[in-house]
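Data block for data_14.txt (compact mmCIF, C-alpha atoms):
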# COMPACT_ATOMS: atom_id res chain seq x y z
CA MET L 1 -72.89 56.14 -51.58
CA SER L 2 -71.43 59.40 -52.92
CA GLU L 3 -73.64 62.04 -54.48
CA GLU L 4 -72.05 61.50 -57.91
CA THR L 5 -73.29 57.90 -58.21
CA ILE L 6 -76.94 58.69 -57.43
CA THR L 7 -79.13 58.41 -60.52
CA GLU L 8 -81.04 61.63 -61.12
CA THR L 9 -82.53 60.55 -64.44
CA PRO L 10 -85.50 58.37 -63.46
CA PRO L 11 -86.18 55.16 -65.37
CA PRO L 12 -89.14 55.14 -67.82
CA VAL L 13 -92.62 54.46 -66.44
CA ARG L 14 -93.72 50.95 -67.40
CA ASP L 15 -97.39 49.95 -67.74
CA TRP L 16 -98.19 46.89 -65.60
CA PRO L 17 -101.56 45.56 -66.79
CA ALA L 18 -103.67 43.28 -64.62
CA LEU L 19 -102.87 39.92 -66.14
CA ASP L 20 -105.09 36.93 -65.38
CA LEU L 21 -102.33 34.38 -64.94
CA SER L 22 -103.11 30.70 -64.65
CA GLY L 23 -101.23 27.95 -62.89
CA ALA L 24 -98.12 28.97 -61.00
CA ASP L 25 -96.69 31.03 -63.89
CA PHE L 26 -94.50 33.90 -62.75
CA ASP L 27 -95.74 37.29 -63.99
CA PRO L 28 -93.79 38.06 -67.20
CA VAL L 29 -94.08 41.83 -66.62
CA LEU L 30 -92.59 41.50 -63.14
CA ARG L 31 -89.79 39.37 -64.59
CA GLU L 32 -88.97 42.14 -67.13
CA LEU L 33 -89.07 44.79 -64.39
CA MET L 34 -86.66 42.73 -62.25
CA ASP L 35 -84.31 42.43 -65.21
CA GLU L 36 -84.43 46.19 -65.87
CA GLY L 37 -82.91 47.08 -62.52
CA PRO L 38 -83.38 47.11 -58.76
CA VAL L 39 -85.60 50.23 -58.77
CA THR L 40 -88.03 50.87 -61.64
CA ARG L 41 -91.21 52.93 -62.16
CA ILE L 42 -94.66 51.47 -62.79
CA LYS L 43 -98.21 52.45 -63.65
CA LEU L 44 -100.94 50.03 -62.57
CA PRO L 45 -104.48 49.81 -64.03
CA ASN L 46 -106.17 52.03 -61.40
CA GLY L 47 -105.42 55.12 -59.31
CA GLU L 48 -103.31 58.02 -60.53
CA GLY L 49 -99.75 58.72 -61.63
CA TRP L 50 -96.80 56.34 -61.26
CA ALA L 51 -94.93 54.69 -58.39
CA TRP L 52 -91.46 53.31 -57.73
CA LEU L 53 -91.10 49.53 -57.65
CA VAL L 54 -88.35 47.90 -55.55
CA THR L 55 -87.58 44.24 -56.35
CA ARG L 56 -84.21 43.20 -54.84
CA TYR L 57 -84.36 41.29 -51.56
CA ASP L 58 -82.14 43.64 -49.51
CA ASP L 59 -83.90 46.75 -50.85
CA VAL L 60 -87.34 45.26 -50.13
CA ARG L 61 -86.32 44.61 -46.53
CA THR L 62 -84.91 48.15 -46.27
CA VAL L 63 -88.06 49.88 -47.53
CA THR L 64 -90.46 47.78 -45.42
CA ASN L 65 -88.45 48.31 -42.23
CA ASP L 66 -87.40 51.97 -42.64
CA PRO L 67 -89.51 54.65 -40.84
CA ARG L 68 -88.71 57.06 -43.70
CA PHE L 69 -91.36 55.17 -45.70
CA GLY L 70 -94.86 55.50 -44.22
CA ARG L 71 -98.28 53.99 -44.79
CA GLU L 72 -100.48 56.66 -43.18
CA ALA L 73 -99.65 59.18 -45.91
CA VAL L 74 -101.24 56.81 -48.49
CA MET L 75 -104.69 57.52 -47.01
CA ASP L 76 -105.10 60.85 -48.77
CA ARG L 77 -103.62 59.82 -52.12
CA GLN L 78 -104.96 58.07 -55.21
CA VAL L 79 -101.70 56.17 -55.77
CA THR L 80 -101.54 54.01 -58.90
CA ARG L 81 -102.82 50.57 -57.84
CA LEU L 82 -104.18 47.22 -58.96
CA ALA L 83 -107.50 47.32 -57.06
CA PRO L 84 -110.29 49.18 -58.86
CA HIS L 85 -111.56 50.57 -55.56
CA PHE L 86 -109.51 51.81 -52.63
CA ILE L 87 -111.48 52.20 -49.42
CA PRO L 88 -109.05 52.19 -46.49
CA SER L 89 -110.56 52.82 -43.07
CA ARG L 90 -108.76 55.62 -41.27
CA GLY L 91 -107.00 54.02 -38.31
CA ALA L 92 -106.90 50.57 -39.96
CA VAL L 93 -103.75 48.74 -38.92
CA GLY L 94 -102.50 48.35 -42.49
CA PHE L 95 -102.32 52.15 -42.81
CA LEU L 96 -100.86 52.96 -39.39
CA ASP L 97 -97.23 53.74 -38.66
CA PRO L 98 -95.49 53.14 -35.32
CA PRO L 99 -96.16 53.86 -32.46
CA ASP L 100 -99.93 53.48 -33.08
CA HIS L 101 -99.33 50.45 -35.28
CA THR L 102 -97.18 48.82 -32.56
CA ARG L 103 -99.81 49.48 -29.87
CA LEU L 104 -102.60 47.95 -31.95
CA ARG L 105 -100.60 44.86 -32.96
CA ARG L 106 -99.58 44.27 -29.32
CA SER L 107 -103.23 43.86 -28.30
CA VAL L 108 -103.59 40.58 -30.25
CA ALA L 109 -99.97 39.36 -30.30
CA ALA L 110 -100.63 36.56 -27.77
CA ALA L 111 -103.03 34.78 -30.16
CA PHE L 112 -100.39 34.58 -32.90
CA THR L 113 -97.39 33.42 -30.86
CA ALA L 114 -96.22 29.80 -31.06
CA ARG L 115 -98.25 29.06 -27.90
CA GLY L 116 -101.35 30.83 -29.26
CA VAL L 117 -101.17 28.91 -32.54
CA GLU L 118 -100.51 25.60 -30.76
CA ARG L 119 -103.73 26.22 -28.81
CA VAL L 120 -105.75 25.60 -32.00
CA ARG L 121 -103.57 22.81 -33.48
CA GLU L 122 -105.52 19.78 -32.21
CA ARG L 123 -108.92 21.28 -32.92
CA SER L 124 -107.71 22.26 -36.41
CA ARG L 125 -106.42 18.74 -37.07
CA ARG L 126 -109.79 17.25 -36.04
CA MET L 127 -111.77 19.69 -38.20
CA LEU L 128 -109.51 18.88 -41.16
CA ALA L 129 -109.87 15.11 -40.63
CA GLU L 130 -113.67 15.52 -40.71
CA LEU L 131 -113.52 17.45 -44.00
CA VAL L 132 -111.23 14.86 -45.63
CA ASP L 133 -113.46 12.00 -44.38
CA GLU L 134 -116.54 13.68 -45.85
CA MET L 135 -114.77 14.10 -49.19
CA LEU L 136 -113.74 10.42 -49.22
CA GLN L 137 -117.26 9.29 -48.30
CA ASP L 138 -118.76 11.33 -51.15
CA GLY L 139 -116.31 9.58 -53.50
CA PRO L 140 -114.34 10.86 -56.45
CA PRO L 141 -114.17 13.12 -58.33
CA ALA L 142 -114.19 16.11 -55.97
CA ASP L 143 -113.32 19.78 -56.01
CA LEU L 144 -110.52 19.92 -53.45
CA THR L 145 -111.01 23.67 -53.05
CA GLU L 146 -114.70 23.38 -52.21
CA ALA L 147 -114.35 20.21 -50.11
CA VAL L 148 -111.27 21.06 -48.04
CA LEU L 149 -109.11 24.04 -49.01
CA ALA L 150 -111.84 26.68 -48.59
CA PRO L 151 -113.74 25.44 -45.48
CA PHE L 152 -110.60 24.50 -43.51
CA PRO L 153 -108.92 27.95 -43.23
CA ILE L 154 -112.32 29.55 -42.50
CA ALA L 155 -112.87 27.11 -39.63
CA VAL L 156 -109.35 27.71 -38.26
CA ILE L 157 -109.41 31.52 -38.42
CA CYS L 158 -112.90 31.57 -36.88
CA GLU L 159 -111.60 29.30 -34.09
CA LEU L 160 -108.63 31.64 -33.47
CA MET L 161 -110.83 34.75 -33.70
CA GLY L 162 -113.50 33.36 -31.37
CA VAL L 163 -116.24 33.49 -34.04
CA PRO L 164 -118.93 30.84 -33.38
CA ALA L 165 -119.16 28.00 -35.93
CA THR L 166 -122.71 29.06 -36.82
CA ASP L 167 -121.39 32.38 -38.20
CA ARG L 168 -118.63 30.92 -40.41
CA HIS L 169 -120.74 31.04 -43.56
CA ASP L 170 -121.46 34.77 -43.16
CA MET L 171 -117.75 35.45 -42.59
CA HIS L 172 -116.82 33.58 -45.77
CA THR L 173 -119.45 35.42 -47.86
CA TRP L 174 -118.32 38.84 -46.59
CA THR L 175 -114.66 38.00 -47.19
CA GLN L 176 -115.28 36.90 -50.78
CA LEU L 177 -117.20 40.11 -51.54
CA ILE L 178 -114.48 42.29 -49.96
CA LEU L 179 -111.65 40.54 -51.84
CA SER L 180 -113.32 40.42 -55.26
CA SER L 181 -113.15 43.31 -57.69
CA ALA L 182 -115.92 41.81 -59.83
CA HIS L 183 -118.92 43.17 -57.90
CA GLY L 184 -117.86 46.83 -57.71
CA ALA L 185 -116.89 49.17 -54.88
CA GLU L 186 -120.35 49.50 -53.29
CA VAL L 187 -120.86 45.77 -52.76
CA SER L 188 -117.34 45.43 -51.36
CA GLU L 189 -117.82 48.39 -49.01
CA ARG L 190 -121.20 47.13 -47.79
CA ALA L 191 -119.70 43.71 -46.98
CA LYS L 192 -116.90 45.42 -45.06
CA LYS L 193 -119.42 47.47 -43.05
CA GLU L 194 -121.49 44.37 -42.25
CA MET L 195 -118.45 42.42 -41.09
CA GLY L 196 -117.34 45.45 -39.05
CA ALA L 197 -120.75 45.72 -37.37
CA TYR L 198 -120.61 42.00 -36.52
CA PHE L 199 -117.18 42.36 -34.88
CA ALA L 200 -118.21 45.55 -33.06
CA ASP L 201 -120.99 43.54 -31.36
CA LEU L 202 -118.76 40.55 -30.62
CA ILE L 203 -115.86 42.62 -29.23
CA GLY L 204 -118.29 44.79 -27.25
CA LEU L 205 -119.65 41.69 -25.52
CA ARG L 206 -116.14 40.62 -24.48
CA GLU L 207 -114.79 43.78 -22.83
CA GLY L 208 -114.06 42.04 -19.54
CA SER L 209 -112.97 38.78 -21.10
CA THR L 210 -109.99 36.66 -20.07
CA GLY L 211 -110.32 34.42 -23.18
CA GLU L 212 -107.34 33.71 -25.42
CA ASP L 213 -109.10 34.12 -28.78
CA VAL L 214 -108.60 37.34 -30.78
CA THR L 215 -111.98 38.98 -30.15
CA SER L 216 -111.60 38.30 -26.39
CA LEU L 217 -108.10 39.84 -26.41
CA LEU L 218 -109.45 42.84 -28.34
CA GLY L 219 -112.46 43.16 -26.03
CA ALA L 220 -110.15 43.17 -23.01
CA ALA L 221 -107.85 45.76 -24.66
CA VAL L 222 -110.88 48.00 -25.39
CA GLY L 223 -112.05 47.53 -21.79
CA ARG L 224 -108.62 48.72 -20.56
CA SER L 225 -108.78 51.69 -23.00
CA GLU L 226 -105.59 50.51 -24.74
CA VAL L 227 -107.30 50.53 -28.13
CA THR L 228 -110.54 52.09 -29.32
CA LEU L 229 -113.47 49.93 -30.45
CA GLU L 230 -113.04 51.32 -33.98
CA GLU L 231 -109.35 50.27 -34.04
CA ALA L 232 -110.21 46.83 -32.64
CA VAL L 233 -112.90 46.27 -35.28
CA GLY L 234 -110.57 47.34 -38.11
CA LEU L 235 -107.92 44.87 -36.92
CA ALA L 236 -110.44 42.03 -36.50
CA VAL L 237 -111.73 42.54 -40.06
CA LEU L 238 -108.18 42.52 -41.46
CA LEU L 239 -107.22 39.34 -39.56
CA GLN L 240 -110.43 37.53 -40.52
CA ILE L 241 -109.96 38.35 -44.23
CA GLY L 242 -106.27 37.44 -44.07
CA GLY L 243 -107.17 34.06 -42.62
CA GLU L 244 -108.75 33.03 -45.91
CA ALA L 245 -105.54 33.71 -47.88
CA VAL L 246 -104.51 30.16 -46.93
CA THR L 247 -107.18 28.85 -49.35
CA ASN L 248 -105.37 30.45 -52.28
CA ASN L 249 -101.87 29.59 -51.05
CA SER L 250 -102.75 25.96 -50.41
CA GLY L 251 -104.66 25.81 -53.71
CA GLN L 252 -101.49 26.82 -55.53
CA MET L 253 -99.39 24.54 -53.30
CA PHE L 254 -101.47 21.47 -54.19
CA TYR L 255 -101.68 22.50 -57.83
CA VAL L 256 -97.85 22.42 -57.86
CA LEU L 257 -97.69 19.08 -55.98
CA LEU L 258 -100.32 17.46 -58.23
CA THR L 259 -98.74 18.72 -61.47
CA ARG L 260 -95.26 17.65 -60.29
CA PRO L 261 -96.02 14.26 -58.75
CA GLU L 262 -92.33 13.61 -58.03
CA LEU L 263 -92.49 16.39 -55.41
CA ALA L 264 -95.59 14.85 -53.77
CA GLU L 265 -93.97 11.40 -53.78
CA ARG L 266 -90.89 12.77 -52.07
CA LEU L 267 -93.04 14.33 -49.32
CA ARG L 268 -94.89 11.04 -48.85
CA ALA L 269 -91.60 9.15 -48.56
CA GLU L 270 -89.84 11.69 -46.32
CA PRO L 271 -92.38 13.18 -43.89
CA GLU L 272 -89.59 14.72 -41.81
CA ILE L 273 -88.80 17.25 -44.57
CA ARG L 274 -92.38 18.56 -44.82
CA PRO L 275 -91.97 21.72 -42.69
CA ARG L 276 -88.95 22.79 -44.77
CA ALA L 277 -90.75 21.83 -47.99
CA VAL L 278 -93.79 23.94 -47.03
CA ASP L 279 -91.48 26.91 -46.46
CA GLU L 280 -89.89 26.41 -49.89
CA LEU L 281 -93.31 26.18 -51.57
CA LEU L 282 -94.36 29.37 -49.75
CA ARG L 283 -91.22 31.07 -51.13
CA TRP L 284 -91.77 29.89 -54.69
CA ILE L 285 -95.56 30.27 -55.14
CA PRO L 286 -96.67 33.56 -56.78
CA HIS L 287 -99.18 34.52 -54.08
CA ARG L 288 -100.68 37.62 -55.60
CA ASN L 289 -101.20 39.63 -58.74
CA ALA L 290 -98.90 42.66 -59.13
CA VAL L 291 -98.22 44.35 -55.76
CA GLY L 292 -100.10 45.07 -52.52
CA LEU L 293 -100.17 48.32 -50.54
CA SER L 294 -97.78 51.18 -51.28
CA ARG L 295 -95.77 53.38 -48.94
CA ILE L 296 -94.89 57.07 -49.28
CA ALA L 297 -91.33 58.40 -48.90
CA LEU L 298 -91.46 60.85 -45.98
CA GLU L 299 -88.11 62.40 -47.00
CA ASP L 300 -85.61 62.00 -49.83
CA VAL L 301 -84.12 58.48 -49.68
CA GLU L 302 -81.53 56.73 -51.84
CA ILE L 303 -82.16 53.07 -52.73
CA SER L 304 -79.63 51.17 -54.86
CA GLY L 305 -78.27 54.40 -56.32
CA VAL L 306 -81.70 55.85 -57.19
CA ARG L 307 -82.96 58.98 -55.45
CA ILE L 308 -86.56 58.63 -54.27
CA ARG L 309 -88.04 62.05 -53.50
CA GLN L 310 -90.14 62.97 -50.49
CA GLY L 311 -93.81 62.32 -51.33
CA ASP L 312 -93.09 59.66 -53.97
CA PRO L 313 -95.13 56.44 -53.68
CA VAL L 314 -93.11 53.21 -53.43
CA TYR L 315 -94.12 49.57 -53.89
CA VAL L 316 -92.10 46.51 -52.94
CA SER L 317 -92.51 43.09 -54.56
CA TYR L 318 -92.14 40.21 -52.12
CA LEU L 319 -92.53 37.81 -55.05
CA ALA L 320 -89.50 39.34 -56.75
CA ALA L 321 -87.49 39.38 -53.51
CA ASN L 322 -88.21 35.65 -53.11
CA ARG L 323 -86.57 35.04 -56.51
CA ASP L 324 -83.46 37.15 -55.86
CA PRO L 325 -80.54 34.93 -56.99
CA ASP L 326 -78.14 36.69 -54.59
CA VAL L 327 -80.17 35.30 -51.66
CA PHE L 328 -81.77 32.17 -53.14
CA PRO L 329 -79.36 30.30 -55.45
CA ASP L 330 -81.17 28.86 -58.48
CA PRO L 331 -84.35 30.69 -57.39
CA GLU L 332 -86.64 29.21 -60.09
CA THR L 333 -86.08 25.68 -58.74
CA ILE L 334 -88.26 24.24 -55.95
CA ASP L 335 -85.56 22.88 -53.65
CA PHE L 336 -86.88 21.10 -50.53
CA SER L 337 -83.39 21.07 -49.03
CA ARG L 338 -83.02 24.87 -49.26
CA SER L 339 -81.57 26.10 -45.98
CA PRO L 340 -81.57 28.78 -44.76
CA ASN L 341 -84.73 30.01 -46.44
CA PRO L 342 -85.33 33.61 -45.31
CA HIS L 343 -88.26 34.20 -47.69
CA VAL L 344 -90.50 37.23 -47.27
CA SER L 345 -93.82 35.65 -48.27
CA PHE L 346 -95.38 36.97 -45.05
CA GLY L 347 -93.84 40.41 -45.50
CA PHE L 348 -91.15 42.09 -43.44
CA GLY L 349 -90.81 44.90 -40.91
CA PRO L 350 -93.63 46.29 -38.73
CA HIS L 351 -96.34 45.19 -41.19
CA TYR L 352 -95.14 41.55 -41.23
CA CYS L 353 -98.22 39.28 -41.43
CA PRO L 354 -99.15 38.25 -37.87
CA GLY L 355 -100.72 35.05 -39.22
CA GLY L 356 -97.51 33.65 -40.71
CA MET L 357 -97.11 30.97 -38.04
CA LEU L 358 -100.79 30.01 -38.32
CA ALA L 359 -100.55 29.75 -42.14
CA ARG L 360 -97.51 27.47 -41.83
CA LEU L 361 -99.37 25.27 -39.34
CA GLU L 362 -102.39 24.98 -41.66
CA SER L 363 -100.19 24.19 -44.69
CA GLU L 364 -98.35 21.46 -42.79
CA LEU L 365 -101.62 19.94 -41.53
CA LEU L 366 -103.04 19.97 -45.08
CA VAL L 367 -99.95 18.26 -46.53
CA ASP L 368 -100.11 15.58 -43.80
CA ALA L 369 -103.86 14.97 -44.13
CA LEU L 370 -104.03 14.88 -47.94
CA LEU L 371 -100.77 13.13 -48.83
CA ASP L 372 -101.12 10.48 -46.10
CA GLY L 373 -104.91 10.25 -45.98
CA VAL L 374 -105.56 10.18 -49.74
CA PRO L 375 -102.59 8.23 -51.18
CA GLY L 376 -103.90 8.13 -54.76
CA LEU L 377 -104.75 11.85 -54.91
CA ARG L 378 -104.29 13.26 -58.41
CA LEU L 379 -105.80 15.85 -60.76
CA ALA L 380 -109.07 14.79 -62.40
CA VAL L 381 -108.48 17.06 -65.42
CA PRO L 382 -105.39 18.03 -67.46
CA ALA L 383 -103.30 20.69 -65.67
CA GLY L 384 -104.21 23.32 -68.26
CA GLU L 385 -107.93 22.87 -67.55
CA VAL L 386 -107.71 23.80 -63.84
CA PRO L 387 -109.61 27.12 -63.66
CA PHE L 388 -107.79 30.00 -61.95
CA LYS L 389 -109.38 33.11 -60.44
CA LYS L 390 -109.93 36.04 -62.76
CA GLY L 391 -109.80 39.69 -61.68
CA ALA L 392 -108.55 38.73 -58.22
CA LEU L 393 -105.94 40.50 -56.11
CA ILE L 394 -104.78 37.18 -54.61
CA ARG L 395 -103.94 34.31 -56.98
CA GLY L 396 -105.29 30.80 -56.66
CA PRO L 397 -107.38 28.11 -58.37
CA GLU L 398 -111.12 28.73 -58.65
CA ALA L 399 -111.52 24.95 -58.31
CA LEU L 400 -109.11 22.05 -58.04
CA PRO L 401 -110.78 18.95 -59.56
CA VAL L 402 -109.20 15.80 -58.07
CA THR L 403 -109.72 12.06 -58.02
CA TRP L 404 -108.06 9.16 -56.18
Please rewrite the model in this file as structure tokens.
Amino acid sequence: MSEETITETPPPVRDWPALDLSGADFDPVLRELMDEGPVTRIKLPNGEGWAWLVTRYDDVRTVTNDPRFGREAVMDRQVTRLAPHFIPSRGAVGFLDPPDHTRLRRSVAAAFTARGVERVRERSRRMLAELVDEMLQDGPPADLTEAVLAPFPIAVICELMGVPATDRHDMHTWTQLILSSAHGAEVSERAKKEMGAYFADLIGLREGSTGEDVTSLLGAAVGRSEVTLEEAVGLAVLLQIGGEAVTNNSGQMFYVLLTRPELAERLRAEPEIRPRAVDELLRWIPHRNAVGLSRIALEDVEISGVRIRQGDPVYVSYLAANRDPDVFPDPETIDFSRSPNPHVSFGFGPHYCPGGMLARLESELLVDALLDGVPGLRLAVPAGEVPFKKGALIRGPEALPVTW
């Protein structure tokens, strides 16, 4: 693009309040920002100053995959943000840039390949069947979140991580405290330290391990001096917390299926389309509030005719990219026949979520188990009375009251 067409007058800074949205409503502020242009400026409820926001699909993929935008530089900045507290651990994988980021991710890659995920499929299916059976035995009504959608992902991520079943409850408690903004920074930080200490012990015990679970792979990598114990612990904490995101995603997924019964009926009638349908639901569901972690421009960069200066913070919105009409025709419609479906719900570039394949597996198992195993499954309250999480970074129902 020629110099003359680069915009030097920056767009106005828009306030983006933390809205407590219910159901699967798309954030109205994000919708306005998308309509304003491909690159806008935002101020979030916490942190300092303003940041650029990139919403178009191609631009989102550019920023997330371009080494001129870095994560490490965020460590020393109070960038405007949604979270009230910002306590990144130096060396944590989310704030590393290549090559350190690549080295750390490589240490656990085997657990998240198709083969690694298949290793836990049968055990996951059995654990899920037990949870559904227990719910059916207890009889209706039930809270689907409490009975199935919360315990199932915890069990699966603990299985993949190599965390004993007896410690699942502690993991869940720590994760909830870390992810919630309601208890304050100190409580969140203490939970993070306790989970870190737990993983330091577990990884330390597995330094010579040949196991295929994540803590065994990390222990072996520490034993070979490929990663430090501190790096391994930071990655384990991130993966463990990320594993529980499936609870919120699947909560929204089943909220959509139960409030649009024609979609659920189609999936019952055509089981062969379920993997594609899960992908489309993952594209469409508004997974989070506002935006996640920012990046810093390491030099002047031009995006869609807007000059972003060195040192400027930049956010991307995967939710907005997933609704880009140039890539997804009729993006507001849930279309189970959508193909191809190159959504970016698991991110893009070096920081792409390693658990994407695992999350897909869990979603498909949940759809199979609940649509086939509980044929009369329906909401036990009107759709508007389903309580959604307040003050959360990740969106999802607090409870999903169902009957059958």
Counting only C-alpha atoms, the option among L:Gly211, L:Pro99, L:Pro153, L:Gly243 closest to L:Ser124: L:Pro153
Residues near L:Val54, cut-off 10 Å, only C-alpha atoms, skip fewer than 3 positions along chain, as a count of residues only: 24
Pick from L:Gly355, L:Gly223, L:Gly251, L:Gly234, whichever lies nearest to L:Ala111 using all atoms listed in the file: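 Counting all atoms listed in the file, the residue closest to L:Ala111 is L:Gly355.
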Which residue of L:Met171, L:Leu377, L:Val246, L:Leu298 approaches L:Glu265 most closely, using all atoms listed in the file: L:Leu377
Residue neighbourhood L:Gly70, 9 Å, only C-alpha atoms, exclusion window fewer than 6 positions, as a VMD selection string: chain L and resid 64 95 to 97 294 to 298
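The residue that comes closest to L:Val291, out of L:Ile334, L:Val402, L:Ile394, L:Leu104 and on the basis of all atoms listed in the file, is L:Ile394.
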Non-local contacts of L:Ala155 (12 Å; all atoms listed in the file; under 2 positions in same chain excluded) as an MDAnalysis selection string: chainID L and resid 120:121 123:128 130:131 148:153 157:169 171:172 240 243:244 246:247 362
Please produce a file of those selected residues containing C-alpha atoms, as a compact mmCIF listing (two decimals), in the coordinates of the input.
# COMPACT_ATOMS: atom_id res chain seq x y z
CA VAL L 120 -105.75 25.60 -32.00
CA ARG L 121 -103.57 22.81 -33.48
CA ARG L 123 -108.92 21.28 -32.92
CA SER L 124 -107.71 22.26 -36.41
CA ARG L 125 -106.42 18.74 -37.07
CA ARG L 126 -109.79 17.25 -36.04
CA MET L 127 -111.77 19.69 -38.20
CA LEU L 128 -109.51 18.88 -41.16
CA GLU L 130 -113.67 15.52 -40.71
CA LEU L 131 -113.52 17.45 -44.00
CA VAL L 148 -111.27 21.06 -48.04
CA LEU L 149 -109.11 24.04 -49.01
CA ALA L 150 -111.84 26.68 -48.59
CA PRO L 151 -113.74 25.44 -45.48
CA PHE L 152 -110.60 24.50 -43.51
CA PRO L 153 -108.92 27.95 -43.23
CA ILE L 157 -109.41 31.52 -38.42
CA CYS L 158 -112.90 31.57 -36.88
CA GLU L 159 -111.60 29.30 -34.09
CA LEU L 160 -108.63 31.64 -33.47
CA MET L 161 -110.83 34.75 -33.70
CA GLY L 162 -113.50 33.36 -31.37
CA VAL L 163 -116.24 33.49 -34.04
CA PRO L 164 -118.93 30.84 -33.38
CA ALA L 165 -119.16 28.00 -35.93
CA THR L 166 -122.71 29.06 -36.82
CA ASP L 167 -121.39 32.38 -38.20
CA ARG L 168 -118.63 30.92 -40.41
CA HIS L 169 -120.74 31.04 -43.56
CA MET L 171 -117.75 35.45 -42.59
CA HIS L 172 -116.82 33.58 -45.77
CA GLN L 240 -110.43 37.53 -40.52
CA GLY L 243 -107.17 34.06 -42.62
CA GLU L 244 -108.75 33.03 -45.91
CA VAL L 246 -104.51 30.16 -46.93
CA THR L 247 -107.18 28.85 -49.35
CA GLU L 362 -102.39 24.98 -41.66
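For the choices L:Arg268, L:Glu207, L:Leu361, L:Gly91, the atom-to-atom distance to L:Arg119 is smallest for L:Leu361 when using all atoms listed in the file.
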Close residues, stretch 27-32 of chain L itself excluded, 7 Å, only C-alpha atoms, min 3 positions apart in chain, as a list in words: Trp16, Asp35 and Glu36 of chain L
Residues near L:Ile273, cut-off 12 Å, all atoms listed in the file, skip fewer than 5 positions along chain, as a list of chain:residue names: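 Final neighbour list, sorted by chain and number: L:Leu263, L:Ala264, L:Arg266, L:Leu267, L:Arg268, L:Val278, L:Asp279, L:Glu280, L:Asp335, L:Phe336, L:Ser337, L:Arg338, L:Ser339, L:Glu364, L:Val367, L:Asp368.
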Closest of L:Ala221, L:Ala245, L:Leu400, L:Leu366 to L:Arg103 - atom-to-atom distances counting all atoms listed in the file: L:Ala221
Distance of atom CA of L:Val117 from atom CA of L:Leu358, expressed in Å to one decimal place: 5.9 Å
Å distance separating atom CA of L:Gly139 from atom CA of L:Glu122, one decimal place: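 So the two atoms, atom CA of L:Gly139 and atom CA of L:Glu122, lie 26.0 Å apart.
Coordinates place atom CA of L:Thr113 at a distance of 24.2 Å from atom CA of L:Ala129.
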Extract stretch 145-156 of chain L from the structure I just pasted (atoms: N, CA and C atoms) and return it as a PDB file, in the first residue's frame.
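File result-v2.pdb, as written:
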ATOM      1  N   THR L 145     -24.892 -28.486  34.000  1.00  0.00           N
ATOM      2  CA  THR L 145     -23.527 -27.995  34.241  1.00  0.00           C
ATOM      3  C   THR L 145     -22.898 -28.753  35.405  1.00  0.00           C
ATOM      4  N   GLU L 146     -23.608 -28.808  36.511  1.00  0.00           N
ATOM      5  CA  GLU L 146     -23.071 -29.458  37.710  1.00  0.00           C
ATOM      6  C   GLU L 146     -22.922 -30.971  37.512  1.00  0.00           C
ATOM      7  N   ALA L 147     -23.905 -31.582  36.837  1.00  0.00           N
ATOM      8  CA  ALA L 147     -23.924 -33.043  36.717  1.00  0.00           C
ATOM      9  C   ALA L 147     -22.919 -33.566  35.683  1.00  0.00           C
ATOM     10  N   VAL L 148     -22.761 -32.838  34.582  1.00  0.00           N
ATOM     11  CA  VAL L 148     -21.964 -33.375  33.468  1.00  0.00           C
ATOM     12  C   VAL L 148     -20.943 -32.379  32.913  1.00  0.00           C
ATOM     13  N   LEU L 149     -21.387 -31.178  32.577  1.00  0.00           N
ATOM     14  CA  LEU L 149     -20.531 -30.263  31.804  1.00  0.00           C
ATOM     15  C   LEU L 149     -19.334 -29.737  32.590  1.00  0.00           C
ATOM     16  N   ALA L 150     -19.424 -29.673  33.919  1.00  0.00           N
ATOM     17  CA  ALA L 150     -18.255 -29.261  34.712  1.00  0.00           C
ATOM     18  C   ALA L 150     -17.342 -30.444  35.041  1.00  0.00           C
ATOM     19  N   PRO L 151     -17.872 -31.566  35.589  1.00  0.00           N
ATOM     20  CA  PRO L 151     -16.961 -32.653  35.977  1.00  0.00           C
ATOM     21  C   PRO L 151     -16.279 -33.348  34.791  1.00  0.00           C
ATOM     22  N   PHE L 152     -16.939 -33.379  33.625  1.00  0.00           N
ATOM     23  CA  PHE L 152     -16.367 -34.123  32.495  1.00  0.00           C
ATOM     24  C   PHE L 152     -15.048 -33.514  31.989  1.00  0.00           C
ATOM     25  N   PRO L 153     -15.005 -32.210  31.639  1.00  0.00           N
ATOM     26  CA  PRO L 153     -13.724 -31.665  31.175  1.00  0.00           C
ATOM     27  C   PRO L 153     -12.611 -31.735  32.221  1.00  0.00           C
ATOM     28  N   ILE L 154     -12.994 -31.603  33.517  1.00  0.00           N
ATOM     29  CA  ILE L 154     -11.974 -31.712  34.574  1.00  0.00           C
ATOM     30  C   ILE L 154     -11.365 -33.112  34.542  1.00  0.00           C
ATOM     31  N   ALA L 155     -12.233 -34.122  34.455  1.00  0.00           N
ATOM     32  CA  ALA L 155     -11.752 -35.509  34.424  1.00  0.00           C
ATOM     33  C   ALA L 155     -10.852 -35.748  33.213  1.00  0.00           C
ATOM     34  N   VAL L 156     -11.238 -35.203  32.052  1.00  0.00           N
ATOM     35  CA  VAL L 156     -10.467 -35.435  30.824  1.00  0.00           C
ATOM     36  C   VAL L 156      -9.117 -34.726  30.880  1.00  0.00           C
TER      37      VAL L 156
END
